[in-house]
$ cat coords18.txt   # compact mmCIF, C-alpha atoms
# COMPACT_ATOMS: atom_id res chain seq x y z
CA MET A 1 0.00 0.00 0.00
CA LYS A 2 1.31 3.44 -0.90
CA VAL A 3 2.21 5.75 1.95
CA MET A 4 -0.47 8.31 0.99
CA ASP A 5 -3.09 5.54 0.81
CA GLU A 6 -2.17 4.57 4.38
CA TYR A 7 -2.54 8.19 5.50
CA GLN A 8 -5.98 8.33 3.89
CA ARG A 9 -6.98 5.08 5.62
CA ARG A 10 -6.00 6.54 8.99
CA LEU A 11 -7.85 9.75 8.18
CA ASN A 12 -11.02 7.84 7.27
CA ALA A 13 -10.78 5.89 10.53
CA LEU A 14 -10.47 9.17 12.43
CA GLN A 15 -13.51 10.59 10.66
CA GLU A 16 -15.58 7.67 11.90
CA ARG A 17 -14.07 7.55 15.39
CA LEU A 18 -14.44 11.28 15.95
CA GLN A 19 -17.96 11.20 14.44
CA ILE A 20 -17.19 14.23 12.30
CA ASN A 21 -20.41 14.17 10.26
CA PRO A 22 -22.69 13.86 13.33
CA LYS A 23 -20.69 16.67 14.96
CA LYS A 24 -21.30 18.90 11.94
CA GLU A 25 -25.02 18.20 12.29
CA GLN A 26 -24.83 19.15 15.99
CA ILE A 27 -23.06 22.37 15.07
CA ALA A 28 -25.83 23.27 12.62
CA GLU A 29 -28.50 22.54 15.27
CA LEU A 30 -26.76 24.62 17.95
CA GLU A 31 -26.21 27.52 15.55
CA ALA A 32 -29.90 27.42 14.63
CA GLU A 33 -30.81 27.37 18.34
CA GLN A 34 -28.64 30.42 18.99
CA ASN A 35 -30.57 32.32 16.32
CA GLN A 36 -33.91 31.64 18.00
CA PRO A 37 -35.63 34.57 19.77
CA GLY A 38 -35.09 34.50 23.53
CA PHE A 39 -32.14 32.09 23.38
CA TRP A 40 -29.85 34.33 25.42
CA GLN A 41 -32.49 34.88 28.12
CA ASP A 42 -31.81 31.40 29.52
CA ASN A 43 -28.29 32.10 30.78
CA GLU A 44 -27.54 28.54 31.88
CA ARG A 45 -28.66 26.95 28.60
CA ALA A 46 -26.93 29.66 26.56
CA LYS A 47 -23.66 29.10 28.41
CA TYR A 48 -23.81 25.34 27.91
CA ALA A 49 -24.75 25.61 24.21
CA SER A 50 -22.03 28.17 23.50
CA GLN A 51 -19.37 26.08 25.21
CA LYS A 52 -20.53 22.92 23.43
CA LEU A 53 -20.53 24.71 20.07
CA ALA A 54 -16.97 25.95 20.63
CA GLU A 55 -15.77 22.43 21.52
CA LEU A 56 -17.46 20.86 18.47
CA ASN A 57 -16.09 23.53 16.14
CA LYS A 58 -12.59 23.00 17.49
CA ILE A 59 -12.65 19.23 16.84
CA VAL A 60 -14.13 19.60 13.35
CA ARG A 61 -11.70 22.39 12.48
CA GLU A 62 -8.73 20.27 13.59
CA TYR A 63 -9.96 17.32 11.54
CA ASP A 64 -10.52 19.50 8.45
CA GLU A 65 -7.02 20.96 8.78
CA VAL A 66 -5.46 17.48 8.89
CA ALA A 67 -7.64 16.36 5.97
CA SER A 68 -6.35 19.34 3.99
CA ILE A 69 -2.75 18.42 4.77
CA VAL A 70 -3.30 14.83 3.65
CA ALA A 71 -5.08 15.94 0.45
CA ASP A 72 -2.70 18.72 -0.58
CA SER A 73 0.73 17.59 0.62
CA PRO A 74 3.07 15.57 -1.60
CA GLU A 75 4.65 12.36 -0.30
CA GLY A 76 7.84 14.27 0.47
CA LEU A 77 6.05 15.97 3.40
CA GLY A 78 5.32 12.67 5.13
CA GLU A 79 6.84 13.86 8.40
CA LEU A 80 4.40 16.78 8.57
CA ILE A 81 1.43 14.51 7.76
CA GLU A 82 2.56 11.90 10.29
CA GLU A 83 2.75 14.49 13.06
CA ALA A 84 -0.68 15.93 12.21
CA LEU A 85 -2.30 12.49 12.11
CA PHE A 86 -0.58 11.38 15.31
CA ASN A 87 -1.79 14.45 17.24
CA LEU A 88 -5.36 13.90 16.04
CA GLU A 89 -5.21 10.18 16.85
CA LYS A 90 -4.24 11.05 20.43
CA LYS A 91 -7.34 13.20 20.76
CA ALA A 92 -9.45 10.43 19.23
CA LEU A 93 -8.68 8.38 22.35
CA LEU A 94 -11.26 10.62 24.05
CA ALA A 95 -14.07 10.18 21.55
CA GLY A 96 -16.26 7.95 23.76
CA PRO A 97 -19.73 8.75 25.12
CA HIS A 98 -19.55 11.57 27.68
CA ASP A 99 -15.74 11.75 27.50
CA ASP A 100 -15.97 15.53 27.14
CA HIS A 101 -17.92 15.90 30.41
CA ASN A 102 -16.70 16.96 33.83
CA ALA A 103 -15.84 14.04 36.13
CA ILE A 104 -17.34 13.17 39.50
CA LEU A 105 -14.51 11.38 41.29
CA SER A 106 -15.14 9.67 44.62
CA ILE A 107 -12.70 7.83 46.89
CA HIS A 108 -13.76 5.30 49.54
CA ALA A 109 -11.49 3.80 52.19
CA GLY A 110 -11.35 0.01 52.02
CA ALA A 111 -9.52 -2.71 53.95
CA GLY A 112 -6.74 -1.37 56.16
CA GLY A 113 -8.46 0.55 58.96
CA THR A 114 -6.92 3.92 59.80
CA ASP A 115 -4.18 3.40 57.21
CA ALA A 116 -6.84 3.01 54.50
CA GLN A 117 -8.51 6.23 55.61
CA ASP A 118 -5.16 8.01 55.48
CA TRP A 119 -4.59 6.46 52.05
CA THR A 120 -7.88 8.00 50.91
CA THR A 121 -6.53 11.42 51.91
CA MET A 122 -3.27 10.75 50.04
CA LEU A 123 -5.18 9.83 46.87
CA LEU A 124 -7.32 12.96 47.18
CA ARG A 125 -4.15 15.05 47.30
CA MET A 126 -2.75 13.13 44.30
CA TYR A 127 -5.75 14.05 42.17
CA GLN A 128 -5.74 17.64 43.44
CA ARG A 129 -2.09 17.96 42.44
CA PHE A 130 -2.84 16.30 39.06
CA VAL A 131 -5.37 19.05 38.37
CA GLU A 132 -2.93 21.75 39.50
CA ARG A 133 -0.20 20.32 37.25
CA GLY A 134 -2.42 20.83 34.20
CA LYS A 135 -0.90 24.21 33.46
CA THR A 136 2.55 22.69 32.88
CA ASP A 137 1.87 19.08 31.83
CA ALA A 138 3.26 18.82 28.29
CA GLU A 139 2.45 15.07 28.05
CA SER A 140 -1.30 15.48 28.58
CA ILE A 141 -3.50 14.50 25.63
CA VAL A 142 -5.79 17.49 26.27
CA ASP A 143 -5.28 21.04 27.48
CA ARG A 144 -5.85 21.03 31.26
CA SER A 145 -4.79 24.62 31.96
CA ASN A 146 -8.31 25.67 32.99
CA TRP A 147 -9.23 22.60 35.01
CA ASN A 148 -10.26 22.91 38.65
CA ILE A 149 -11.42 20.55 41.39
CA GLU A 150 -14.30 21.09 43.82
CA LEU A 151 -14.74 19.15 47.06
CA VAL A 152 -18.46 18.47 47.55
CA ASP A 153 -18.63 15.89 50.34
CA SER A 154 -16.37 14.08 52.79
CA ALA A 155 -16.55 11.98 55.95
CA GLN A 156 -13.68 12.17 58.44
CA GLY A 157 -12.06 9.01 59.82
CA GLU A 158 -12.20 8.36 63.56
CA GLU A 159 -8.45 8.72 64.08
CA ALA A 160 -7.09 10.19 60.85
CA GLY A 161 -7.83 10.56 57.16
CA LEU A 162 -11.14 10.21 55.36
CA LYS A 163 -13.69 7.43 55.14
CA ARG A 164 -14.92 8.84 51.85
CA VAL A 165 -14.66 11.96 49.73
CA THR A 166 -16.45 13.16 46.59
CA THR A 167 -15.10 15.77 44.20
CA ILE A 168 -16.12 17.29 40.88
CA ILE A 169 -13.22 17.79 38.49
CA LYS A 170 -14.26 20.46 36.03
CA GLY A 171 -12.71 20.87 32.60
CA SER A 172 -13.00 19.70 29.00
CA TYR A 173 -12.58 15.92 28.74
CA ALA A 174 -12.09 15.47 32.50
CA TYR A 175 -14.19 12.29 32.51
CA GLY A 176 -12.52 10.87 29.41
CA LEU A 177 -9.07 11.42 30.82
CA LEU A 178 -9.84 10.12 34.32
CA LYS A 179 -12.25 7.24 33.67
CA GLY A 180 -9.36 4.75 33.76
CA GLU A 181 -8.65 5.70 37.38
CA ALA A 182 -11.79 3.85 38.47
CA GLY A 183 -10.92 0.79 40.55
CA VAL A 184 -9.07 -0.32 43.66
CA HIS A 185 -5.76 1.38 44.49
CA ARG A 186 -3.36 -0.47 46.84
CA LEU A 187 -0.77 1.09 49.12
CA VAL A 188 2.14 -0.75 50.79
CA ARG A 189 4.19 1.17 53.37
CA LEU A 190 5.49 1.27 56.92
CA SER A 191 2.44 2.31 58.91
CA PRO A 192 2.65 5.55 60.91
CA PHE A 193 -0.39 4.37 62.88
CA ASN A 194 1.00 1.38 64.78
CA ALA A 195 3.54 1.44 67.59
CA LYS A 196 5.96 -0.96 65.89
CA ASN A 197 5.88 0.86 62.55
CA LEU A 198 5.09 -2.41 60.75
CA ARG A 199 4.51 -2.77 57.04
CA GLN A 200 0.82 -2.25 56.22
CA THR A 201 -1.22 -2.86 53.07
CA SER A 202 -4.20 -0.58 52.56
CA PHE A 203 -6.89 -0.21 49.91
CA ALA A 204 -9.10 2.56 48.57
CA LEU A 205 -11.74 2.47 45.85
CA VAL A 206 -11.81 5.24 43.26
CA ASP A 207 -15.09 5.72 41.40
CA VAL A 208 -15.32 8.00 38.34
CA ILE A 209 -18.55 8.92 36.53
CA PRO A 210 -19.42 11.71 34.07
CA GLN A 211 -21.18 14.76 35.45
CA ILE A 212 -24.54 15.06 33.77
CA ALA A 213 -24.95 17.82 31.19
CA GLN A 214 -28.15 19.63 30.24
CA SER A 215 -28.34 17.59 27.06
CA ASP A 216 -28.51 14.32 29.02
CA THR A 217 -32.13 13.65 29.96
CA ILE A 218 -32.65 11.95 33.31
CA ASP A 219 -36.20 12.15 34.66
CA ILE A 220 -36.68 11.64 38.40
CA ASP A 221 -40.10 11.34 40.05
CA ASP A 222 -40.25 13.17 43.39
CA LYS A 223 -42.08 10.21 44.96
CA ASP A 224 -38.99 8.09 44.29
CA LEU A 225 -36.86 10.30 46.53
CA ARG A 226 -36.25 10.39 50.28
CA VAL A 227 -34.58 13.59 51.46
CA ASP A 228 -32.92 13.66 54.90
CA VAL A 229 -31.45 16.78 56.49
CA TYR A 230 -28.78 16.54 59.18
CA ARG A 231 -26.04 18.55 60.84
CA SER A 232 -22.84 19.02 58.85
CA SER A 233 -19.56 17.84 60.29
CA GLY A 234 -15.96 18.62 59.58
CA LYS A 235 -14.52 21.64 57.85
CA GLY A 236 -16.79 23.92 55.89
CA GLY A 237 -17.96 27.47 55.41
CA GLN A 238 -18.94 29.91 58.12
CA GLY A 239 -21.78 28.51 60.20
CA VAL A 240 -21.69 25.11 58.53
CA ASN A 241 -21.63 23.34 61.90
CA THR A 242 -24.40 25.37 63.53
CA THR A 243 -27.34 24.48 61.29
CA ASP A 244 -28.91 21.33 59.88
CA SER A 245 -27.67 22.17 56.39
CA ALA A 246 -26.32 18.82 55.17
CA VAL A 247 -28.57 16.88 52.80
CA ARG A 248 -28.81 13.18 52.00
CA ILE A 249 -30.97 12.11 49.04
CA THR A 250 -31.87 8.46 48.48
CA HIS A 251 -33.30 7.28 45.17
CA LEU A 252 -35.61 4.55 46.41
CA PRO A 253 -35.90 2.40 43.25
CA THR A 254 -32.11 2.01 42.98
CA ASN A 255 -31.10 2.71 46.60
CA ILE A 256 -28.47 5.18 45.33
CA THR A 257 -27.63 7.65 48.09
CA VAL A 258 -25.90 11.01 47.73
CA SER A 259 -24.82 13.12 50.70
CA ILE A 260 -23.62 16.72 50.39
CA GLN A 261 -22.52 18.98 53.23
CA ASN A 262 -19.87 21.35 51.87
CA GLU A 263 -22.15 24.09 50.52
CA ARG A 264 -23.17 26.98 52.78
CA SER A 265 -26.91 26.37 52.77
CA GLN A 266 -29.36 23.50 52.78
CA MET A 267 -30.74 24.63 49.43
CA GLN A 268 -27.29 24.63 47.84
CA ASN A 269 -26.49 21.20 49.29
CA LYS A 270 -29.77 19.81 47.96
CA ALA A 271 -29.16 21.23 44.47
CA LYS A 272 -25.66 19.74 44.38
CA ALA A 273 -26.94 16.38 45.67
CA MET A 274 -29.58 16.27 42.93
CA GLU A 275 -26.95 17.10 40.33
CA ILE A 276 -24.74 14.21 41.45
CA LEU A 277 -27.71 11.85 41.81
CA LYS A 278 -28.66 12.50 38.18
CA SER A 279 -25.08 11.77 37.16
CA ARG A 280 -25.08 8.47 39.08
CA LEU A 281 -28.38 7.49 37.48
CA LEU A 282 -26.91 8.32 34.07
CA ALA A 283 -23.94 6.07 34.86
CA LEU A 284 -26.33 3.33 35.95
CA LYS A 285 -28.26 3.70 32.71
CA MET A 286 -25.00 3.30 30.80
CA GLU A 287 -24.18 0.14 32.78
CA GLN A 288 -27.10 -1.94 31.60
CA ASN A 289 -24.77 -4.55 30.17
CA LYS A 290 -21.22 -5.68 30.88
CA ALA A 291 -19.69 -4.03 27.83
CA GLU A 292 -21.11 -0.63 28.78
CA THR A 293 -19.98 -1.10 32.39
CA ASP A 294 -16.37 -1.52 31.32
CA LYS A 295 -16.53 1.61 29.17
CA VAL A 296 -18.17 3.83 31.76
CA ARG A 297 -16.67 2.92 35.11
CA GLY A 298 -14.06 0.27 34.49
CA GLN A 299 -13.92 -2.96 36.48
CA ILE A 300 -15.09 -2.03 39.99
CA ASP A 301 -14.21 -4.98 42.20
CA LYS A 302 -14.01 -5.59 45.93
CA ASN A 303 -12.11 -2.93 47.86
CA GLU A 304 -9.51 -5.37 49.13
CA TRP A 305 -6.56 -7.65 48.32
CA GLY A 306 -6.38 -9.14 44.83
CA SER A 307 -8.67 -6.68 43.05
CA GLN A 308 -6.35 -3.67 42.71
CA ILE A 309 -5.80 -1.91 39.38
CA ARG A 310 -2.66 -0.15 40.61
CA SER A 311 -0.18 -0.69 43.45
CA TYR A 312 1.85 2.01 45.18
CA VAL A 313 4.75 0.38 47.05
CA LEU A 314 6.72 2.65 49.40
CA HIS A 315 8.51 -0.13 51.35
CA PRO A 316 10.84 -2.09 51.11
CA TYR A 317 11.39 -0.38 47.71
CA LYS A 318 9.53 2.32 45.80
CA LEU A 319 7.46 1.39 42.77
CA VAL A 320 4.06 2.32 41.34
CA LYS A 321 2.69 -0.25 38.89
CA ASP A 322 -0.55 -0.38 36.94
CA HIS A 323 -1.61 -4.04 36.72
CA ARG A 324 -3.73 -3.53 33.59
CA THR A 325 -1.08 -1.97 31.35
CA ASN A 326 2.16 -2.85 33.20
CA ALA A 327 3.10 0.84 33.16
CA GLU A 328 5.30 1.60 36.14
CA SER A 329 7.35 4.31 37.83
CA LYS A 330 10.09 4.01 40.45
CA ASN A 331 9.48 7.63 41.47
CA ALA A 332 6.54 6.92 43.76
CA ASP A 333 6.80 10.31 45.49
CA GLU A 334 6.40 12.09 42.15
CA VAL A 335 3.37 9.96 41.27
CA LEU A 336 1.73 10.71 44.62
CA ASP A 337 2.42 14.38 43.91
CA GLY A 338 0.08 14.14 40.91
CA ASN A 339 2.34 12.96 38.10
CA ILE A 340 -0.02 10.25 36.79
CA THR A 341 -0.20 11.28 33.12
CA THR A 342 1.90 8.30 31.97
CA PHE A 343 -0.54 5.86 33.62
CA ILE A 344 -3.54 7.68 32.14
CA ASN A 345 -2.09 7.75 28.62
CA GLU A 346 -1.11 4.07 28.74
CA TYR A 347 -4.63 3.10 29.86
CA LEU A 348 -6.27 5.08 27.06
CA GLN A 349 -3.95 3.66 24.40
CA ASN A 350 -4.61 0.09 25.61
CA ASN A 351 -8.38 0.45 25.87
CA ASN A 352 -9.31 2.04 22.54

$ encode --input "coords18.txt" --output "structure tokens"
Amino acid sequence: MKVMDEYQRRLNALQERLQINPKKEQIAELEAEQNQPGFWQDNERAKYASQKLAELNKIVREYDEVASIVADSPEGLGELIEEALFNLEKKALLAGPHDDHNAILSIHAGAGGTDAQDWTTMLLRMYQRFVERGKTDAESIVDRSNWNIELVDSAQGEEAGLKRVTTIIKGSYAYGLLKGEAGVHRLVRLSPFNAKNLRQTSFALVDVIPQIAQSDTIDIDDKDLRVDVYRSSGKGGQGVNTTDSAVRITHLPTNITVSIQNERSQMQNKAKAMEILKSRLLALKMEQNKAETDKVRGQIDKNEWGSQIRSYVLHPYKLVKDHRTNAESKNADEVLDGNITTFINEYLQNNN
């Protein structure tokens, strides 16, 4: 096969994977919506539609530019074509359903007692630092310079650390980039929580789902909800511990429960809880069969020995290893400081 024929084959595959034609139809629909009377009066919808239109235009424009290079460049410019195709193929790794959404990332302490709760705190910091590193991370598949992370709920451990924590990581393709983090993470270290400083193995479960967007329709009947109000605990805004402002919403048909306490008012906590509940119901809808489950949340197994997706060994040597891709790093401290891009990229390249 001629070199240019191979380039065209790759370009055709990208057109299908990136769904260029459907995206062009979406662009036309959103542009028509923007021209409707009263469109800009709904600020929330207008903001979402404008952002979505910009993202779609960017992808289509990038594809069209590469298509132009392939069509117009002679074989002698193969290096230029190869680079253009390679960059677009990297972005095509994030072409799955809801990949462009924000991510709701939760961490739950598993087997390991206080050490596991401390491990949950360490993982939270790792993801916080990953978000902060976005401004300087040259290896990232997408631009993360405008990403941010919001803590929406947490439960303190009895002695140290966190029993659970829920965050929303906001930014283009946050879910697509982080979906491979879903699973059990294992820590091996000398425990700071026992008198003899013995080696301890701890586990924490990371769960990642897409944050629901306005375009995703999830209908919830009020009679299917139980709303409980209780007193917030732990750190929060002014007055957060003096009123019954925390909210727990249970979706009775599925028994999905969402608790939020970090907002300043009961109304804000309830709104945030409903937002996350809708996202969890969307994830559940996407998990109706095994194939969809693997795509949306990865293999979520028991939060204990033998089910880990990644191990972080700090003693007797230092090594972080992903058991799905065999990617590893001997600089465990750097990984725990948020340098997880290599693991993320390897997962995406092995699961597309």

$ atom_distance --input "coords18.txt" --atom1 "CA of Met126 in chain A" --atom2 "CA of Thr341 in chain A"
11.6 Å

$ atom_distance --input "coords18.txt" --atom1 "CA of Trp147 in chain A" --atom2 "CA of Gly134 in chain A"
7.1 Å

$ atom_distance --input "coords18.txt" --atom1 "CA of Asn194 in chain A" --atom2 "CA of Pro316 in chain A"
17.2 Å

$ residues_around --input "coords18.txt" --residues "range 100-117 of chain A" --least-positions-apart "3" --cutoff "7 Å" --atoms "only C-alpha atoms" --output "ChimeraX atom specification"
/A:120-121,157,159-176,191,193,201-211,303-304

$ residues_around --input "coords18.txt" --residues "Glu6 in chain A" --least-positions-apart "2" --cutoff "12 Å" --atoms "all atoms listed in the file" --output "number ranges by chain"
A: 1-4, 8-13, 70, 75, 78, 81-82, 85

$ closest_residue --input "coords18.txt" --among "A:Gln268, A:Ser311, A:Gln128, A:Ser140" --to "Leu177 in chain A" --atoms "only C-alpha atoms"
A:Ser140

$ closest_residue --input "coords18.txt" --among "A:Asn339, A:Lys52, A:Pro22, A:Ala182" --to "Asp137 in chain A" --atoms "only C-alpha atoms"
A:Asn339

$ closest_residue --input "coords18.txt" --among "A:Ser307, A:Asn43, A:Asn21, A:Asn87" --to "His323 in chain A" --atoms "all atoms listed in the file"
A:Ser307

$ residues_near_point --input "coords18.txt" --point "(-25.8, 15.2, 46.2)" --cutoff "6 Å" --atoms "all atoms listed in the file" --output "ChimeraX atom specification"
/A:258-260,272-274,276-277

$ residues_around --input "coords18.txt" --residues "Asn351 in chain A" --least-positions-apart "3" --cutoff "9 Å" --atoms "all atoms listed in the file" --output "JSON, numbers by chain"
{"A": [93, 295, 346, 347, 348]}
